[in-house]
Amino acid sequence: MDPQLRSQFNGDFSVEKYAALLRCVNETEKWPADFRISETPIFLTNEFTEEVVAAAEEIVALVQTPEFRRHSATAIPPGLEVPRESIHPNFIVVDFGICTEGGRIVPRLIELQAFPSLFGFQLLILHCYRAAYPAIPRDWTSSFGGIKDDAYVEILRRTIIADAKPENVVLLEIEPEKQKTRIDFAATETILGIRSVCLTKVKKRDRQLFYERDGRETRIERIYNRVIFDELIRRPDLDPPFRFQDELDVTWVGHPNWYFRISKHSLPFLKTAHTSPAYFADEFPADEEIDDYVLKPLYSFAGLGVDMEPTREKLSALGRPHEWILQKKVRYAEFVPTPDGPKSKAEIRMMFVWPEGDRKPTLVNNLVRMSQGKMMGVDFNKERTWVGSSIALHR
């Protein structure tokens, strides 16, 4: 969106530099990226940066209100509530579509989650873009509030490790070595010293959990939780030695209850200048044009189950309509010119962390997904270029 830097970048681009970017991303950590890396970052104007920061902070402020607490009281599905809920989430990420309205490019809320994103990988990809494309000015960054690399790592450390030792903190996942986001797990281990552990490898004795580290049984005091309930429910074969609903002597970093409380369930509550109308499916107004909406299941991840063409008949056929929402469609801006012709569009994820003891969350970084397809997912962008995972830079 910064036309001068965009023109300079495109003019300086080469397939050799992109190959260098991929080598940096895929060879720095023990695992490569199992998703497509875009050829380019996006470059934000100061005007858009200020607007998207203000929009994200307004939404995050709303989910801290007593009114939101009451709204989210019914968000956790029966039987999935986890004991010892933290007083606030440790992570909040807010996804905005970069859209066109009234001749302007503006951010429009798509989704939000109280679940950790790729905090480790985004630091890696920033370094790799800078290394592969040395013409990018050094004063262009992906962080906010003047946070430099060391300060970024330190606030992650305060959030995830706090006063524990790294060996007593684990990144918990289902078969982490098979996850598409495993490069983030590796990057997190590099910068924080915590290991990724499959929940089936954990041992339970009374209320305590343990894992094996370098041949030694080690107590788990804090869990950096990356397990998504949707996947856990779909894997009855796993048979882990503990249940999330057990009373455990651990601190959840990213308590699982917040995964539900701040989620698509929140969208009908949120009403700002940067949100679109959203309704639970059983509360959808009779006079609204359903063709203008997208139907989303509340409890799914990575775009699973999204219906871009809902009908009244489909709504009537839903078994549990209160577990679905309808959100008004937005028009994504095609704003990134590419050497191949078609322009790319993008979503930007604004990434907040909230260490224990801090008065409020801190906006630290961003993540970008670029697309030329109907949706942002890889299935809608096969055989395309200048799409995939990226980052937004600004001054």
# chains A, B, ... in the order shown; residues from 1 in each chain; ligands from 1
call {"tool": "residues_around", "arguments": {"residues": "His127 (chain A)", "least_positions_apart": "4", "cutoff": "12 Å", "atoms": "only C-alpha atoms", "output": "list in words"}}
result
Leu21, Leu22, Cys24, Val25, Thr28, Pro41, Gly120, Phe121, Gln122, Leu123, Ala131, Ala132, Tyr133, Pro134, Ile136, Arg138, Trp140, Thr141, Ser142, Asp149, Ser390, Ile391 and Leu393 of chain A
call {"tool": "write_last_selection", "arguments": {"atoms": "C-alpha atoms", "output": "compact mmCIF listing (two decimals), in the first residue's frame"}}
result
# COMPACT_ATOMS: atom_id res chain seq x y z
CA LEU A 21 14.16 -16.46 1.18
CA LEU A 22 12.93 -20.07 1.08
CA CYS A 24 16.48 -19.09 4.99
CA VAL A 25 12.99 -20.09 6.15
CA THR A 28 17.29 -22.19 9.77
CA PRO A 41 5.86 -8.73 2.52
CA GLY A 120 8.23 -17.55 17.00
CA PHE A 121 7.96 -17.97 13.24
CA GLN A 122 7.05 -14.34 12.61
CA LEU A 123 10.40 -13.25 14.06
CA ALA A 131 18.28 -11.17 4.52
CA ALA A 132 16.84 -12.16 1.12
CA TYR A 133 15.86 -8.63 0.10
CA PRO A 134 18.55 -6.28 1.46
CA ILE A 136 14.09 -3.29 2.23
CA ARG A 138 16.01 -1.29 7.93
CA TRP A 140 10.64 -0.80 8.22
CA THR A 141 9.50 -3.32 10.84
CA SER A 142 6.65 -5.69 11.67
CA ASP A 149 13.77 -7.98 18.67
CA SER A 390 3.86 -13.22 4.91
CA ILE A 391 4.26 -10.20 7.17
CA LEU A 393 6.11 -3.91 7.38
call {"tool": "residues_around", "arguments": {"residues": "Ser38 (chain A)", "least_positions_apart": "4", "cutoff": "10 Å", "atoms": "only C-alpha atoms", "output": "PyMOL selection string"}}
result
chain A and resi 18+21-22+42+368-371+385-391
call {"tool": "write_last_selection", "arguments": {"atoms": "C-alpha atoms", "output": "short mmCIF file (atom, residue, chain, number, x, y, z; two decimals), in the first residue's frame"}}
result
data_model
loop_
_atom_site.label_atom_id
_atom_site.label_comp_id
_atom_site.auth_asym_id
_atom_site.auth_seq_id
_atom_site.Cartn_x
_atom_site.Cartn_y
_atom_site.Cartn_z
CA TYR A 18 12.90 -15.70 -3.52
CA LEU A 21 14.16 -16.46 1.18
CA LEU A 22 12.93 -20.07 1.08
CA ILE A 42 3.23 -6.01 2.31
CA VAL A 368 -0.21 -11.72 6.89
CA ARG A 369 -1.90 -14.25 4.64
CA MET A 370 -1.98 -13.41 0.95
CA SER A 371 -4.37 -14.84 -1.61
CA THR A 385 2.30 -17.16 -6.87
CA TRP A 386 2.62 -14.13 -4.58
CA VAL A 387 0.30 -15.84 -2.12
CA GLY A 388 0.80 -17.53 1.23
CA SER A 389 2.29 -16.64 4.60
CA SER A 390 3.86 -13.22 4.91
CA ILE A 391 4.26 -10.20 7.17
#
call {"tool": "residues_around", "arguments": {"residues": "Thr65 (chain A)", "least_positions_apart": "5", "cutoff": "12 Å", "atoms": "only C-alpha atoms", "output": "ChimeraX atom specification"}}
result
/A:58-60,70-72,88,269-270
call {"tool": "write_last_selection", "arguments": {"atoms": "N, CA and C atoms", "output": "PDB file, in the first residue's frame"}}
result
ATOM      1  N   GLU A  58      -9.271  -1.279  19.871  1.00  0.00           N
ATOM      2  CA  GLU A  58     -10.665  -1.060  20.278  1.00  0.00           C
ATOM      3  C   GLU A  58     -11.377  -2.389  20.499  1.00  0.00           C
ATOM      4  N   ILE A  59     -11.163  -3.337  19.613  1.00  0.00           N
ATOM      5  CA  ILE A  59     -11.809  -4.641  19.753  1.00  0.00           C
ATOM      6  C   ILE A  59     -11.287  -5.378  20.978  1.00  0.00           C
ATOM      7  N   VAL A  60      -9.984  -5.334  21.202  1.00  0.00           N
ATOM      8  CA  VAL A  60      -9.408  -5.997  22.374  1.00  0.00           C
ATOM      9  C   VAL A  60      -9.913  -5.345  23.662  1.00  0.00           C
ATOM     10  N   ARG A  70     -20.260 -11.443  30.290  1.00  0.00           N
ATOM     11  CA  ARG A  70     -21.590 -12.056  30.331  1.00  0.00           C
ATOM     12  C   ARG A  70     -21.920 -12.722  29.001  1.00  0.00           C
ATOM     13  N   HIS A  71     -21.560 -12.062  27.895  1.00  0.00           N
ATOM     14  CA  HIS A  71     -21.822 -12.644  26.577  1.00  0.00           C
ATOM     15  C   HIS A  71     -21.094 -13.971  26.412  1.00  0.00           C
ATOM     16  N   SER A  72     -19.866 -14.058  26.894  1.00  0.00           N
ATOM     17  CA  SER A  72     -19.041 -15.250  26.669  1.00  0.00           C
ATOM     18  C   SER A  72     -19.346 -16.381  27.643  1.00  0.00           C
ATOM     19  N   HIS A  88      -7.363 -13.514  32.781  1.00  0.00           N
ATOM     20  CA  HIS A  88      -7.408 -12.927  31.447  1.00  0.00           C
ATOM     21  C   HIS A  88      -6.674 -13.851  30.478  1.00  0.00           C
ATOM     22  N   PHE A 269     -21.330  -9.949  19.279  1.00  0.00           N
ATOM     23  CA  PHE A 269     -21.236  -8.948  20.342  1.00  0.00           C
ATOM     24  C   PHE A 269     -20.494  -7.702  19.886  1.00  0.00           C
ATOM     25  N   LEU A 270     -19.533  -7.879  18.994  1.00  0.00           N
ATOM     26  CA  LEU A 270     -18.607  -6.795  18.653  1.00  0.00           C
ATOM     27  C   LEU A 270     -19.200  -5.871  17.605  1.00  0.00           C
TER      28      LEU A 270
END
call {"tool": "residues_around", "arguments": {"residues": "Pro166 (chain A)", "least_positions_apart": "3", "cutoff": "12 Å", "atoms": "only C-alpha atoms", "output": "PyMOL selection string"}}
result
chain A and resi 157-158+160-163+169-171+188-196+213+218-224
call {"tool": "select_by_dssp", "arguments": {"residues": "region 4-227 of chain A", "states": "strand (DSSP E)", "output": "count of residues only"}}
result
50
call {"tool": "closest_residue", "arguments": {"among": "A:Trp252, A:Arg182, A:Ala135, A:Ile147", "to": "Gly11 (chain A)", "atoms": "only C-alpha atoms"}}
result
A:Ala135
call {"tool": "closest_residue", "arguments": {"among": "A:Ala186, A:Val53, A:Leu209, A:Val253", "to": "Leu118 (chain A)", "atoms": "only C-alpha atoms"}}
result
A:Ala186
call {"tool": "residues_around", "arguments": {"residues": "Glu101 (chain A)", "least_positions_apart": "2", "cutoff": "12 Å", "atoms": "only C-alpha atoms", "output": "list in words"}}
result
Gly97, Ile98, Cys99, Gly103, Arg104, Ile105, Val106, Pro107, Arg108, His274, Val330, Arg331, Tyr332 and Ala333 of chain A
call {"tool": "write_last_selection", "arguments": {"atoms": "N, CA and C atoms", "output": "mmCIF file, in the first residue's frame"}}
result
data_model
loop_
_atom_site.group_PDB
_atom_site.id
_atom_site.type_symbol
_atom_site.label_atom_id
_atom_site.label_comp_id
_atom_site.auth_asym_id
_atom_site.auth_seq_id
_atom_site.Cartn_x
_atom_site.Cartn_y
_atom_site.Cartn_z
ATOM 1 N N GLY A 97 -9.583 -8.421 7.340
ATOM 2 C CA GLY A 97 -9.450 -8.390 5.903
ATOM 3 C C GLY A 97 -9.036 -6.987 5.488
ATOM 4 N N ILE A 98 -8.146 -6.903 4.518
ATOM 5 C CA ILE A 98 -7.777 -5.597 3.955
ATOM 6 C C ILE A 98 -8.719 -5.367 2.788
ATOM 7 N N CYS A 99 -9.651 -4.454 2.980
ATOM 8 C CA CYS A 99 -10.831 -4.347 2.124
ATOM 9 C C CYS A 99 -10.921 -2.986 1.429
ATOM 10 N N GLY A 103 -13.771 3.741 -1.990
ATOM 11 C CA GLY A 103 -12.531 4.176 -2.617
ATOM 12 C C GLY A 103 -11.321 4.146 -1.700
ATOM 13 N N ARG A 104 -11.482 3.648 -0.458
ATOM 14 C CA ARG A 104 -10.377 3.549 0.495
ATOM 15 C C ARG A 104 -10.065 2.093 0.797
ATOM 16 N N ILE A 105 -8.822 1.850 1.179
ATOM 17 C CA ILE A 105 -8.439 0.541 1.693
ATOM 18 C C ILE A 105 -8.541 0.605 3.214
ATOM 19 N N VAL A 106 -9.350 -0.280 3.788
ATOM 20 C CA VAL A 106 -9.646 -0.227 5.221
ATOM 21 C C VAL A 106 -9.582 -1.635 5.818
ATOM 22 N N PRO A 107 -9.311 -1.740 7.132
ATOM 23 C CA PRO A 107 -9.370 -3.048 7.796
ATOM 24 C C PRO A 107 -10.793 -3.389 8.219
ATOM 25 N N ARG A 108 -11.185 -4.653 7.995
ATOM 26 C CA ARG A 108 -12.506 -5.134 8.408
ATOM 27 C C ARG A 108 -12.325 -6.437 9.184
ATOM 28 N N HIS A 274 -15.172 -0.965 12.475
ATOM 29 C CA HIS A 274 -14.381 -1.882 11.655
ATOM 30 C C HIS A 274 -14.898 -3.319 11.723
ATOM 31 N N VAL A 330 -17.357 -9.278 3.201
ATOM 32 C CA VAL A 330 -16.592 -8.063 2.942
ATOM 33 C C VAL A 330 -15.937 -8.205 1.568
ATOM 34 N N ARG A 331 -15.545 -7.079 1.022
ATOM 35 C CA ARG A 331 -14.899 -7.081 -0.287
ATOM 36 C C ARG A 331 -13.401 -6.837 -0.099
ATOM 37 N N TYR A 332 -12.632 -7.883 -0.327
ATOM 38 C CA TYR A 332 -11.186 -7.759 -0.195
ATOM 39 C C TYR A 332 -10.620 -6.891 -1.314
ATOM 40 N N ALA A 333 -9.649 -6.068 -0.951
ATOM 41 C CA ALA A 333 -8.970 -5.233 -1.940
ATOM 42 C C ALA A 333 -7.886 -6.053 -2.646
#
call {"tool": "residues_around", "arguments": {"residues": "Gln179 (chain A)", "least_positions_apart": "6", "cutoff": "12 Å", "atoms": "only C-alpha atoms", "output": "PyMOL selection string"}}
result
chain A and resi 31-35+172-173+185-186+196-198+226-228+231
call {"tool": "residues_around", "arguments": {"residues": "Arg395 (chain A)", "least_positions_apart": "6", "cutoff": "12 Å", "atoms": "only C-alpha atoms", "output": "PyMOL selection string"}}
result
chain A and resi 2+5+43-50+136-146
